$ cat target-v5.cif   # mmCIF, C-alpha atoms
data_my_file
#
loop_
_atom_site.group_PDB
_atom_site.id
_atom_site.type_symbol
_atom_site.label_atom_id
_atom_site.label_comp_id
_atom_site.auth_asym_id
_atom_site.auth_seq_id
_atom_site.Cartn_x
_atom_site.Cartn_y
_atom_site.Cartn_z
ATOM 1 C CA MET A 1 -80.629 72.948 -118.539
ATOM 2 C CA SER A 2 -78.330 73.963 -121.392
ATOM 3 C CA GLU A 3 -78.309 76.018 -124.557
ATOM 4 C CA GLN A 4 -76.945 74.877 -127.899
ATOM 5 C CA VAL A 5 -74.123 77.077 -129.246
ATOM 6 C CA GLU A 6 -73.466 76.951 -133.006
ATOM 7 C CA LEU A 7 -70.565 79.029 -134.364
ATOM 8 C CA GLU A 8 -68.702 79.071 -137.668
ATOM 9 C CA ALA A 9 -65.880 81.193 -139.085
ATOM 10 C CA GLN A 10 -63.190 80.899 -141.755
ATOM 11 C CA VAL A 11 -59.615 81.533 -140.674
ATOM 12 C CA PRO A 12 -58.288 84.578 -142.578
ATOM 13 C CA SER A 13 -54.927 84.356 -144.344
ATOM 14 C CA GLU A 14 -53.336 86.854 -141.946
ATOM 15 C CA MET A 15 -53.671 84.259 -139.180
ATOM 16 C CA PHE A 16 -51.126 82.004 -140.911
ATOM 17 C CA GLY A 17 -48.931 80.365 -138.275
ATOM 18 C CA MET A 18 -51.151 81.404 -135.363
ATOM 19 C CA ARG A 19 -52.032 78.918 -132.639
ATOM 20 C CA LEU A 20 -55.583 77.612 -132.732
ATOM 21 C CA ASP A 21 -56.484 78.840 -129.228
ATOM 22 C CA GLN A 22 -55.156 82.325 -130.032
ATOM 23 C CA ALA A 23 -56.991 82.465 -133.348
ATOM 24 C CA VAL A 24 -60.394 81.422 -132.025
ATOM 25 C CA ALA A 25 -60.094 84.016 -129.240
ATOM 26 C CA GLN A 26 -60.103 86.621 -132.031
ATOM 27 C CA LEU A 27 -62.690 84.862 -134.174
ATOM 28 C CA PHE A 28 -65.176 84.451 -131.297
ATOM 29 C CA PRO A 29 -64.375 87.303 -128.881
ATOM 30 C CA GLU A 30 -67.766 87.040 -127.157
ATOM 31 C CA TYR A 31 -66.535 83.880 -125.385
ATOM 32 C CA SER A 32 -63.706 83.657 -122.874
ATOM 33 C CA ARG A 33 -60.404 81.993 -123.735
ATOM 34 C CA SER A 34 -60.874 79.387 -121.040
ATOM 35 C CA ARG A 35 -64.294 78.433 -122.429
ATOM 36 C CA LEU A 36 -62.946 78.217 -125.996
ATOM 37 C CA GLN A 37 -60.000 76.103 -124.831
ATOM 38 C CA GLY A 38 -62.437 73.786 -123.081
ATOM 39 C CA TRP A 39 -64.386 73.365 -126.316
ATOM 40 C CA ILE A 40 -61.169 72.615 -128.212
ATOM 41 C CA LYS A 41 -60.148 69.968 -125.683
ATOM 42 C CA ASP A 42 -63.541 68.242 -125.527
ATOM 43 C CA GLY A 43 -63.925 68.211 -129.314
ATOM 44 C CA SER A 44 -66.806 70.699 -129.488
ATOM 45 C CA LEU A 45 -64.609 73.017 -131.573
ATOM 46 C CA THR A 46 -63.245 71.530 -134.794
ATOM 47 C CA VAL A 47 -61.048 72.689 -137.677
ATOM 48 C CA ASP A 48 -62.236 71.400 -141.066
ATOM 49 C CA SER A 49 -64.264 68.819 -139.112
ATOM 50 C CA GLU A 50 -61.155 67.559 -137.293
ATOM 51 C CA VAL A 51 -60.345 67.781 -133.593
ATOM 52 C CA ARG A 52 -57.123 69.740 -133.036
ATOM 53 C CA LYS A 53 -54.998 70.700 -130.030
ATOM 54 C CA PRO A 54 -54.938 74.279 -128.660
ATOM 55 C CA ARG A 55 -51.281 74.737 -129.699
ATOM 56 C CA ASP A 56 -51.762 73.499 -133.276
ATOM 57 C CA LYS A 57 -50.783 76.077 -135.915
ATOM 58 C CA LEU A 58 -53.177 77.268 -138.605
ATOM 59 C CA SER A 59 -52.470 77.902 -142.276
ATOM 60 C CA GLY A 60 -55.402 80.183 -143.128
ATOM 61 C CA GLY A 61 -58.512 79.277 -145.027
ATOM 62 C CA GLU A 62 -59.666 76.555 -142.630
ATOM 63 C CA TRP A 63 -63.237 76.474 -141.352
ATOM 64 C CA VAL A 64 -63.627 76.554 -137.582
ATOM 65 C CA ARG A 65 -66.927 75.266 -136.230
ATOM 66 C CA VAL A 66 -68.330 75.063 -132.722
ATOM 67 C CA ALA A 67 -71.204 72.795 -131.690
ATOM 68 C CA ALA A 68 -71.351 72.962 -127.903
ATOM 69 C CA GLN A 69 -73.717 72.915 -124.977
ATOM 70 C CA LEU A 70 -73.635 76.002 -122.743
ATOM 71 C CA GLU A 71 -74.827 75.123 -119.274
ATOM 72 C CA LEU A 72 -77.404 77.524 -117.879
ATOM 73 C CA ILE A 73 -78.221 78.249 -114.266
ATOM 74 C CA ASP A 74 -81.274 76.166 -113.454
ATOM 75 C CA ASP A 75 -80.661 74.873 -109.942
ATOM 76 C CA HIS A 76 -81.087 78.261 -108.266
ATOM 77 C CA GLN A 77 -84.416 80.020 -107.888
ATOM 78 C CA PRO A 78 -85.166 83.697 -108.528
ATOM 79 C CA GLU A 79 -85.910 85.588 -105.312
ATOM 80 C CA ALA A 80 -87.386 89.071 -104.890
ATOM 81 C CA ILE A 81 -84.476 90.442 -102.855
ATOM 82 C CA PRO A 82 -84.157 94.250 -103.034
ATOM 83 C CA LEU A 83 -81.095 95.543 -104.879
ATOM 84 C CA ASP A 84 -79.506 98.970 -104.456
ATOM 85 C CA ILE A 85 -78.853 99.629 -108.155
ATOM 86 C CA VAL A 86 -76.331 102.378 -108.850
ATOM 87 C CA TYR A 87 -76.276 101.965 -112.641
ATOM 88 C CA GLU A 88 -77.882 99.694 -115.229
ATOM 89 C CA ASP A 89 -78.039 99.359 -119.001
ATOM 90 C CA ASP A 90 -78.435 96.464 -121.443
ATOM 91 C CA HIS A 91 -74.908 95.193 -120.773
ATOM 92 C CA ILE A 92 -73.944 95.760 -117.141
ATOM 93 C CA LEU A 93 -75.447 96.264 -113.712
ATOM 94 C CA VAL A 94 -73.644 98.052 -110.868
ATOM 95 C CA ILE A 95 -74.964 97.516 -107.345
ATOM 96 C CA ASN A 96 -74.160 98.767 -103.866
ATOM 97 C CA LYS A 97 -74.082 95.532 -101.864
ATOM 98 C CA PRO A 98 -75.241 95.663 -98.230
ATOM 99 C CA ALA A 99 -73.606 93.800 -95.358
ATOM 100 C CA GLY A 100 -74.962 90.300 -94.816
ATOM 101 C CA LEU A 101 -75.737 89.532 -98.469
ATOM 102 C CA VAL A 102 -73.889 86.440 -99.712
ATOM 103 C CA VAL A 103 -72.872 86.804 -103.367
ATOM 104 C CA HIS A 104 -73.119 83.205 -104.573
ATOM 105 C CA PRO A 105 -74.916 80.130 -103.201
ATOM 106 C CA ALA A 106 -72.652 77.806 -101.219
ATOM 107 C CA ALA A 107 -72.826 75.376 -98.325
ATOM 108 C CA GLY A 108 -75.020 76.952 -95.672
ATOM 109 C CA HIS A 109 -76.273 79.636 -98.079
ATOM 110 C CA ALA A 110 -78.319 77.834 -100.710
ATOM 111 C CA ALA A 111 -80.744 80.742 -101.109
ATOM 112 C CA GLY A 112 -81.112 84.418 -100.275
ATOM 113 C CA THR A 113 -77.991 85.367 -102.238
ATOM 114 C CA LEU A 114 -77.140 88.067 -104.749
ATOM 115 C CA LEU A 115 -77.330 85.440 -107.497
ATOM 116 C CA ASN A 116 -80.939 84.639 -106.541
ATOM 117 C CA ALA A 117 -81.738 88.367 -106.578
ATOM 118 C CA LEU A 118 -80.151 88.804 -110.025
ATOM 119 C CA LEU A 119 -82.189 85.934 -111.482
ATOM 120 C CA HIS A 120 -85.351 87.706 -110.304
ATOM 121 C CA HIS A 121 -84.315 91.186 -111.411
ATOM 122 C CA CYS A 122 -83.060 90.094 -114.839
ATOM 123 C CA PRO A 123 -84.253 86.577 -115.800
ATOM 124 C CA SER A 124 -82.173 86.526 -119.004
ATOM 125 C CA ILE A 125 -79.018 86.621 -116.885
ATOM 126 C CA ALA A 126 -79.518 82.871 -116.356
ATOM 127 C CA HIS A 127 -77.933 82.501 -119.819
ATOM 128 C CA VAL A 128 -74.700 84.073 -118.556
ATOM 129 C CA PRO A 129 -72.287 81.856 -116.601
ATOM 130 C CA ARG A 130 -72.481 82.473 -112.827
ATOM 131 C CA ALA A 131 -75.385 84.865 -113.531
ATOM 132 C CA GLY A 132 -72.877 87.468 -114.715
ATOM 133 C CA ILE A 133 -70.963 87.672 -111.431
ATOM 134 C CA VAL A 134 -67.347 88.449 -112.361
ATOM 135 C CA HIS A 135 -65.954 89.411 -108.953
ATOM 136 C CA ARG A 136 -67.115 89.031 -105.387
ATOM 137 C CA LEU A 137 -67.325 90.815 -102.079
ATOM 138 C CA ASP A 138 -67.318 88.925 -98.791
ATOM 139 C CA ARG A 139 -70.721 88.529 -97.144
ATOM 140 C CA ASP A 140 -70.136 91.348 -94.646
ATOM 141 C CA THR A 141 -68.186 93.661 -96.942
ATOM 142 C CA THR A 142 -70.315 96.451 -98.411
ATOM 143 C CA GLY A 143 -70.058 98.473 -101.587
ATOM 144 C CA LEU A 144 -69.787 98.434 -105.356
ATOM 145 C CA MET A 145 -69.953 95.373 -107.585
ATOM 146 C CA VAL A 146 -70.383 95.113 -111.348
ATOM 147 C CA VAL A 147 -72.399 92.301 -112.925
ATOM 148 C CA ALA A 148 -72.413 91.359 -116.628
ATOM 149 C CA LYS A 149 -75.827 90.952 -118.237
ATOM 150 C CA THR A 150 -74.517 89.295 -121.424
ATOM 151 C CA ILE A 151 -71.792 86.791 -122.281
ATOM 152 C CA PRO A 152 -69.744 89.328 -124.324
ATOM 153 C CA ALA A 153 -69.900 91.796 -121.410
ATOM 154 C CA GLN A 154 -68.775 89.089 -119.008
ATOM 155 C CA THR A 155 -65.845 88.118 -121.237
ATOM 156 C CA ASP A 156 -64.761 91.761 -121.479
ATOM 157 C CA LEU A 157 -65.064 92.456 -117.736
ATOM 158 C CA VAL A 158 -63.138 89.310 -116.818
ATOM 159 C CA ALA A 159 -60.383 90.431 -119.202
ATOM 160 C CA GLN A 160 -60.282 93.851 -117.502
ATOM 161 C CA LEU A 161 -59.853 92.170 -114.137
ATOM 162 C CA GLN A 162 -57.086 89.934 -115.458
ATOM 163 C CA GLU A 163 -55.329 92.834 -117.186
ATOM 164 C CA ARG A 164 -55.768 95.026 -114.078
ATOM 165 C CA THR A 165 -57.488 97.810 -115.986
ATOM 166 C CA MET A 166 -60.519 97.738 -113.678
ATOM 167 C CA GLY A 167 -59.986 100.065 -110.717
ATOM 168 C CA ARG A 168 -61.324 99.066 -107.288
ATOM 169 C CA GLU A 169 -60.855 101.254 -104.233
ATOM 170 C CA TYR A 170 -61.965 100.471 -100.697
ATOM 171 C CA GLU A 171 -62.170 102.230 -97.354
ATOM 172 C CA ALA A 172 -61.530 100.491 -94.063
ATOM 173 C CA VAL A 173 -61.043 101.176 -90.371
ATOM 174 C CA VAL A 174 -58.137 99.282 -88.824
ATOM 175 C CA ASN A 175 -56.899 98.700 -85.308
ATOM 176 C CA GLY A 176 -53.708 100.625 -84.558
ATOM 177 C CA VAL A 177 -52.348 103.997 -85.619
ATOM 178 C CA MET A 178 -50.498 103.907 -88.922
ATOM 179 C CA THR A 179 -47.554 106.218 -89.489
ATOM 180 C CA GLY A 180 -48.331 106.516 -93.213
ATOM 181 C CA GLY A 181 -49.402 104.732 -96.343
ATOM 182 C CA GLY A 182 -47.637 101.955 -98.171
ATOM 183 C CA CYS A 183 -47.947 98.809 -100.230
ATOM 184 C CA VAL A 184 -48.277 95.185 -99.154
ATOM 185 C CA GLU A 185 -46.905 92.822 -101.777
ATOM 186 C CA GLU A 186 -47.142 89.357 -100.250
ATOM 187 C CA PRO A 187 -48.264 86.133 -101.976
ATOM 188 C CA MET A 188 -51.443 84.504 -100.712
ATOM 189 C CA GLY A 189 -52.963 81.046 -100.586
ATOM 190 C CA ARG A 190 -55.005 78.760 -98.365
ATOM 191 C CA HIS A 191 -54.052 78.733 -94.699
ATOM 192 C CA PRO A 192 -51.922 75.615 -94.107
ATOM 193 C CA ARG A 193 -53.992 74.469 -91.121
ATOM 194 C CA ASN A 194 -57.395 76.145 -91.469
ATOM 195 C CA ARG A 195 -58.689 75.633 -95.005
ATOM 196 C CA GLN A 196 -61.514 78.144 -94.488
ATOM 197 C CA LYS A 197 -58.969 80.940 -94.118
ATOM 198 C CA MET A 198 -56.487 82.572 -96.469
ATOM 199 C CA ALA A 199 -52.959 83.525 -95.450
ATOM 200 C CA VAL A 200 -49.679 84.989 -96.646
ATOM 201 C CA VAL A 201 -47.756 81.943 -97.878
ATOM 202 C CA GLY A 202 -44.422 81.659 -99.622
ATOM 203 C CA VAL A 203 -45.737 79.666 -102.582
ATOM 204 C CA GLY A 204 -49.024 81.559 -102.944
ATOM 205 C CA LYS A 205 -50.395 83.663 -105.789
ATOM 206 C CA GLU A 206 -49.254 87.244 -106.307
ATOM 207 C CA ALA A 207 -51.230 89.734 -104.187
ATOM 208 C CA ILE A 208 -50.669 93.502 -104.116
ATOM 209 C CA THR A 209 -52.547 96.003 -101.925
ATOM 210 C CA HIS A 210 -51.845 99.744 -101.836
ATOM 211 C CA TYR A 211 -53.079 101.806 -98.875
ATOM 212 C CA ARG A 212 -52.998 105.401 -97.663
ATOM 213 C CA VAL A 213 -54.078 107.104 -94.476
ATOM 214 C CA LEU A 214 -57.239 109.205 -94.534
ATOM 215 C CA GLU A 215 -57.495 109.998 -90.815
ATOM 216 C CA LYS A 216 -55.743 108.921 -87.633
ATOM 217 C CA PHE A 217 -57.517 108.445 -84.329
ATOM 218 C CA ARG A 218 -56.263 107.619 -80.867
ATOM 219 C CA VAL A 219 -55.961 103.868 -81.438
ATOM 220 C CA HIS A 220 -57.431 103.381 -84.930
ATOM 221 C CA THR A 221 -56.841 104.543 -88.518
ATOM 222 C CA HIS A 222 -59.236 105.245 -91.389
ATOM 223 C CA ILE A 223 -57.569 104.168 -94.644
ATOM 224 C CA ARG A 224 -58.180 104.007 -98.394
ATOM 225 C CA LEU A 225 -56.997 100.933 -100.296
ATOM 226 C CA LYS A 226 -56.499 100.064 -103.946
ATOM 227 C CA LEU A 227 -56.199 96.513 -105.243
ATOM 228 C CA GLU A 228 -53.910 95.444 -108.055
ATOM 229 C CA THR A 229 -54.944 91.824 -107.618
ATOM 230 C CA GLY A 230 -58.170 90.280 -106.350
ATOM 231 C CA ARG A 231 -57.377 87.374 -104.073
ATOM 232 C CA THR A 232 -59.966 86.037 -101.644
ATOM 233 C CA HIS A 233 -59.926 88.077 -98.390
ATOM 234 C CA GLN A 234 -56.913 89.998 -99.752
ATOM 235 C CA ILE A 235 -57.359 93.263 -97.848
ATOM 236 C CA ARG A 236 -58.267 91.508 -94.610
ATOM 237 C CA VAL A 237 -55.260 89.178 -94.793
ATOM 238 C CA HIS A 238 -52.764 91.829 -95.860
ATOM 239 C CA MET A 239 -53.780 94.307 -93.171
ATOM 240 C CA ALA A 240 -53.654 91.621 -90.486
ATOM 241 C CA HIS A 241 -50.238 90.559 -91.813
ATOM 242 C CA ILE A 242 -48.780 94.028 -91.186
ATOM 243 C CA HIS A 243 -50.451 94.087 -87.738
ATOM 244 C CA TYR A 244 -53.293 96.475 -88.566
ATOM 245 C CA PRO A 245 -56.312 94.126 -88.680
ATOM 246 C CA LEU A 246 -59.701 95.490 -89.664
ATOM 247 C CA VAL A 247 -62.046 96.542 -86.896
ATOM 248 C CA GLY A 248 -64.676 93.852 -86.302
ATOM 249 C CA ASP A 249 -63.055 91.211 -88.522
ATOM 250 C CA PRO A 250 -64.256 87.895 -87.045
ATOM 251 C CA MET A 251 -61.723 85.782 -88.949
ATOM 252 C CA TYR A 252 -58.510 87.804 -89.084
ATOM 253 C CA GLY A 253 -58.998 90.416 -86.358
ATOM 254 C CA GLY A 254 -57.552 88.376 -83.502
ATOM 255 C CA ARG A 255 -58.880 88.406 -79.957
ATOM 256 C CA PHE A 256 -61.266 91.290 -79.318
ATOM 257 C CA GLN A 257 -59.829 93.903 -76.959
ATOM 258 C CA LEU A 258 -61.168 97.250 -75.868
ATOM 259 C CA PRO A 259 -58.654 100.111 -75.920
ATOM 260 C CA LYS A 260 -57.729 101.657 -72.593
ATOM 261 C CA GLY A 261 -59.579 104.768 -71.524
ATOM 262 C CA CYS A 262 -62.400 104.485 -74.061
ATOM 263 C CA SER A 263 -65.730 106.119 -73.391
ATOM 264 C CA ASN A 264 -68.963 104.174 -72.856
ATOM 265 C CA ALA A 265 -70.099 105.154 -76.361
ATOM 266 C CA MET A 266 -66.889 103.870 -77.915
ATOM 267 C CA ARG A 267 -67.039 100.676 -75.866
ATOM 268 C CA GLU A 268 -70.589 99.908 -76.963
ATOM 269 C CA THR A 269 -69.897 100.812 -80.603
ATOM 270 C CA LEU A 270 -66.846 98.534 -80.847
ATOM 271 C CA LYS A 271 -68.651 95.671 -79.112
ATOM 272 C CA ALA A 272 -71.582 95.992 -81.505
ATOM 273 C CA PHE A 273 -69.433 96.228 -84.658
ATOM 274 C CA ARG A 274 -69.134 92.530 -85.466
ATOM 275 C CA ARG A 275 -68.248 92.636 -89.164
ATOM 276 C CA GLN A 276 -65.088 93.713 -90.935
ATOM 277 C CA ALA A 277 -65.112 97.494 -91.356
ATOM 278 C CA LEU A 278 -64.572 97.331 -95.102
ATOM 279 C CA HIS A 279 -66.420 99.084 -97.925
ATOM 280 C CA ALA A 280 -65.899 98.964 -101.710
ATOM 281 C CA LYS A 281 -66.018 102.717 -102.206
ATOM 282 C CA ARG A 282 -65.122 103.315 -105.870
ATOM 283 C CA LEU A 283 -65.279 101.292 -109.083
ATOM 284 C CA GLU A 284 -63.728 102.236 -112.428
ATOM 285 C CA LEU A 285 -63.986 100.275 -115.678
ATOM 286 C CA TRP A 286 -64.243 100.505 -119.446
ATOM 287 C CA HIS A 287 -67.769 99.908 -120.674
ATOM 288 C CA PRO A 288 -67.713 96.502 -122.396
ATOM 289 C CA GLU A 289 -69.857 97.678 -125.315
ATOM 290 C CA SER A 290 -68.981 101.352 -125.895
ATOM 291 C CA GLY A 291 -65.426 101.275 -124.582
ATOM 292 C CA GLU A 292 -66.084 104.483 -122.648
ATOM 293 C CA PRO A 293 -64.453 104.947 -119.225
ATOM 294 C CA MET A 294 -66.981 104.846 -116.382
ATOM 295 C CA ALA A 295 -66.683 105.340 -112.627
ATOM 296 C CA TRP A 296 -68.947 105.225 -109.589
ATOM 297 C CA GLU A 297 -68.490 106.077 -105.927
ATOM 298 C CA VAL A 298 -70.847 105.399 -103.031
ATOM 299 C CA ASP A 299 -70.953 106.682 -99.462
ATOM 300 C CA LEU A 300 -69.858 104.600 -96.517
ATOM 301 C CA PRO A 301 -72.681 102.580 -94.954
ATOM 302 C CA GLU A 302 -74.322 103.986 -91.844
ATOM 303 C CA ASP A 303 -72.568 101.640 -89.417
ATOM 304 C CA MET A 304 -69.107 102.700 -90.623
ATOM 305 C CA GLN A 305 -70.089 106.370 -90.532
ATOM 306 C CA GLN A 306 -71.249 105.946 -86.933
ATOM 307 C CA LEU A 307 -68.025 104.102 -86.061
ATOM 308 C CA LEU A 308 -65.896 106.928 -87.477
ATOM 309 C CA ALA A 309 -67.952 109.543 -85.637
ATOM 310 C CA VAL A 310 -67.425 107.747 -82.321
ATOM 311 C CA LEU A 311 -63.680 107.396 -82.974
ATOM 312 C CA LYS A 312 -63.449 111.080 -83.815
ATOM 313 C CA ARG A 313 -65.220 112.070 -80.586
ATOM 314 C CA ASP A 314 -62.915 109.763 -78.643
ATOM 315 C CA ALA A 315 -59.836 111.377 -80.190
ATOM 316 C CA GLU A 316 -61.132 114.874 -79.410
ATOM 317 C CA ARG A 317 -61.907 113.868 -75.828
ATOM 318 C CA TYR A 318 -58.469 112.342 -75.363
ATOM 319 C CA ASP A 319 -56.704 115.407 -76.775
ATOM 320 C CA TYR A 320 -58.763 117.665 -74.497
ATOM 321 C CA GLU A 321 -57.790 115.694 -71.401
ATOM 322 C CA LEU A 322 -54.112 115.847 -72.363
#

$ encode --input "target-v5.cif" --output "structure tokens"
Amino acid sequence: MSEQVELEAQVPSEMFGMRLDQAVAQLFPEYSRSRLQGWIKDGSLTVDSEVRKPRDKLSGGEWVRVAAQLELIDDHQPEAIPLDIVYEDDHILVINKPAGLVVHPAAGHAAGTLLNALLHHCPSIAHVPRAGIVHRLDRDTTGLMVVAKTIPAQTDLVAQLQERTMGREYEAVVNGVMTGGGCVEEPMGRHPRNRQKMAVVGVGKEAITHYRVLEKFRVHTHIRLKLETGRTHQIRVHMAHIHYPLVGDPMYGGRFQLPKGCSNAMRETLKAFRRQALHAKRLELWHPESGEPMAWEVDLPEDMQQLLAVLKRDAERYDYEL
């Protein structure tokens, strides 16, 4: 299913000498640059009824017209999946995602995803590419996500992500005792041998993760992280790279080992914690319609709170015995 898009605008004289792709980004700001470039290349966007190239220069006074088909989501069904909504208005939706909820349908997860839930909660979101999902959290990562309810909101939020003006902070529990905070600036790409994994690779894309220590335990550390970039599995890969893998991480955590001298409670808690101990704690952005700064913060999920409580009791017990 698709929707017909009809647009028309005259190039103002002050755009003399400007590239076509740059000009139409200003003329039709409700659509992303990549989408507009696609329309230029496939001939859906014309200048005075002629097909031009993205780099072609304009003189001013030309008429730019778009006659394109916008593909809508029609192969995924709405599902009444409960959503923990932190904020909602006509333009955006902010949710607190639970562990176990896949964000987007994929092989092995054709239904029961956040996308299916969004289609049920807000049917009109089917008109927005990817049902308004502009960034993702791994299935077993919890916390804050923003979803665009309109195409202009999606374009604006994607731009904030690309320009790094959207703030995303996480909390995690890692194996090992850190001496202090720091920054991991290592490029990332697909693992050379296991294509389901990501890895630090020399020819990868830029990836920057800042971290600081919140609390140290006997053999673990509670940390706060801030992303500059948003690569797939970035925090999990970067922390494993510096030899502080996330507790419970099934992909990057390495072979499971119990620390020496742990109590029965700690042993059972660590054995039962079979997801990465990672939570998207805080989200900051500029509202795509009003331009106002907005921020949200949500508590750690119950399983991470219980994990921290057990680690704290273990540290107190260890100190007492010393």

$ atom_distance --input "target-v5.cif" --atom1 "atom CA of A:Thr179" --atom2 "atom CA of A:Val213"
8.3 Å

$ atom_distance --input "target-v5.cif" --atom1 "atom CA of A:Ala68" --atom2 "atom CA of A:Glu163"
27.7 Å

$ atom_distance --input "target-v5.cif" --atom1 "atom CA of A:Trp63" --atom2 "atom CA of A:Asp48"
5.2 Å

$ resolve_selection --input "target-v5.cif" --expression "the PyMOL selection byres ((chain A and resi 310-315) around 12)" --output "PyMOL selection string"
chain A and resi 173-175+177+215-222+247+259-270+273+303-309+316-322

$ write_last_selection --input "target-v5.cif" --atoms "C-alpha atoms" --output "mmCIF file, in the coordinates of the input"
data_model
loop_
_atom_site.group_PDB
_atom_site.id
_atom_site.type_symbol
_atom_site.label_atom_id
_atom_site.label_comp_id
_atom_site.auth_asym_id
_atom_site.auth_seq_id
_atom_site.Cartn_x
_atom_site.Cartn_y
_atom_site.Cartn_z
ATOM 1 C CA VAL A 173 -61.043 101.176 -90.371
ATOM 2 C CA VAL A 174 -58.137 99.282 -88.824
ATOM 3 C CA ASN A 175 -56.899 98.700 -85.308
ATOM 4 C CA VAL A 177 -52.348 103.997 -85.619
ATOM 5 C CA GLU A 215 -57.495 109.998 -90.815
ATOM 6 C CA LYS A 216 -55.743 108.921 -87.633
ATOM 7 C CA PHE A 217 -57.517 108.445 -84.329
ATOM 8 C CA ARG A 218 -56.263 107.619 -80.867
ATOM 9 C CA VAL A 219 -55.961 103.868 -81.438
ATOM 10 C CA HIS A 220 -57.431 103.381 -84.930
ATOM 11 C CA THR A 221 -56.841 104.543 -88.518
ATOM 12 C CA HIS A 222 -59.236 105.245 -91.389
ATOM 13 C CA VAL A 247 -62.046 96.542 -86.896
ATOM 14 C CA PRO A 259 -58.654 100.111 -75.920
ATOM 15 C CA LYS A 260 -57.729 101.657 -72.593
ATOM 16 C CA GLY A 261 -59.579 104.768 -71.524
ATOM 17 C CA CYS A 262 -62.400 104.485 -74.061
ATOM 18 C CA SER A 263 -65.730 106.119 -73.391
ATOM 19 C CA ASN A 264 -68.963 104.174 -72.856
ATOM 20 C CA ALA A 265 -70.099 105.154 -76.361
ATOM 21 C CA MET A 266 -66.889 103.870 -77.915
ATOM 22 C CA ARG A 267 -67.039 100.676 -75.866
ATOM 23 C CA GLU A 268 -70.589 99.908 -76.963
ATOM 24 C CA THR A 269 -69.897 100.812 -80.603
ATOM 25 C CA LEU A 270 -66.846 98.534 -80.847
ATOM 26 C CA PHE A 273 -69.433 96.228 -84.658
ATOM 27 C CA ASP A 303 -72.568 101.640 -89.417
ATOM 28 C CA MET A 304 -69.107 102.700 -90.623
ATOM 29 C CA GLN A 305 -70.089 106.370 -90.532
ATOM 30 C CA GLN A 306 -71.249 105.946 -86.933
ATOM 31 C CA LEU A 307 -68.025 104.102 -86.061
ATOM 32 C CA LEU A 308 -65.896 106.928 -87.477
ATOM 33 C CA ALA A 309 -67.952 109.543 -85.637
ATOM 34 C CA GLU A 316 -61.132 114.874 -79.410
ATOM 35 C CA ARG A 317 -61.907 113.868 -75.828
ATOM 36 C CA TYR A 318 -58.469 112.342 -75.363
ATOM 37 C CA ASP A 319 -56.704 115.407 -76.775
ATOM 38 C CA TYR A 320 -58.763 117.665 -74.497
ATOM 39 C CA GLU A 321 -57.790 115.694 -71.401
ATOM 40 C CA LEU A 322 -54.112 115.847 -72.363
#

$ resolve_selection --input "target-v5.cif" --expression "the PyMOL selection byres ((chain A and resi 182) around 10)" --output "list in words"
Met178, Thr179, Gly180, Gly181, Cys183, Val184, Glu185, Thr209, His210, Tyr211, Arg212, Val213 and Leu225 of chain A

$ resolve_selection --input "target-v5.cif" --expression "the PyMOL selection byres ((chain A and resi 44) around 7)" --output "PyMOL selection string"
chain A and resi 39-40+42-43+45-46+66-68

$ residues_near_point --input "target-v5.cif" --point "(-76.4, 100.5, -114.6)" --cutoff "12 Å" --atoms "all atoms listed in the file" --output "PyMOL selection string"
chain A and resi 83-96+144-149+287+294-296

$ closest_residue --input "target-v5.cif" --among "A:His241, A:Arg33, A:Arg282, A:Arg19" --to "A:Arg52" --atoms "only C-alpha atoms"
A:Arg19

$ closest_residue --input "target-v5.cif" --among "A:Tyr31, A:Tyr244, A:Tyr170, A:Phe256" --to "A:Glu284" --atoms "only C-alpha atoms"
A:Tyr170

$ residues_near_point --input "target-v5.cif" --point "(-64.0, 90.1, -98.7)" --cutoff "7 Å" --atoms "all atoms listed in the file" --output "PDB file with C-alpha atoms, in the frame of the given file"
ATOM      1  CA  LEU A 137     -67.325  90.815-102.079  1.00  0.00           C
ATOM      2  CA  ASP A 138     -67.318  88.925 -98.791  1.00  0.00           C
ATOM      3  CA  THR A 141     -68.186  93.661 -96.942  1.00  0.00           C
ATOM      4  CA  THR A 232     -59.966  86.037-101.644  1.00  0.00           C
ATOM      5  CA  HIS A 233     -59.926  88.077 -98.390  1.00  0.00           C
TER       6      HIS A 233
END

$ closest_residue --input "target-v5.cif" --among "A:Gln234, A:Asn194, A:Gln10, A:Ser32" --to "A:Pro152" --atoms "only C-alpha atoms"
A:Ser32

$ closest_residue --input "target-v5.cif" --among "A:Leu70, A:Leu101, A:Val24, A:Leu285" --to "A:His127" --atoms "all atoms listed in the file"
A:Leu70

$ closest_residue --input "target-v5.cif" --among "A:Met166, A:Ala131, A:Ile208, A:Val237" --to "A:Pro250" --atoms "only C-alpha atoms"
A:Val237

$ closest_residue --input "target-v5.cif" --among "A:Gln276, A:Gln257, A:Ser49, A:Thr165" --to "A:Leu227" --atoms "all atoms listed in the file"
A:Thr165
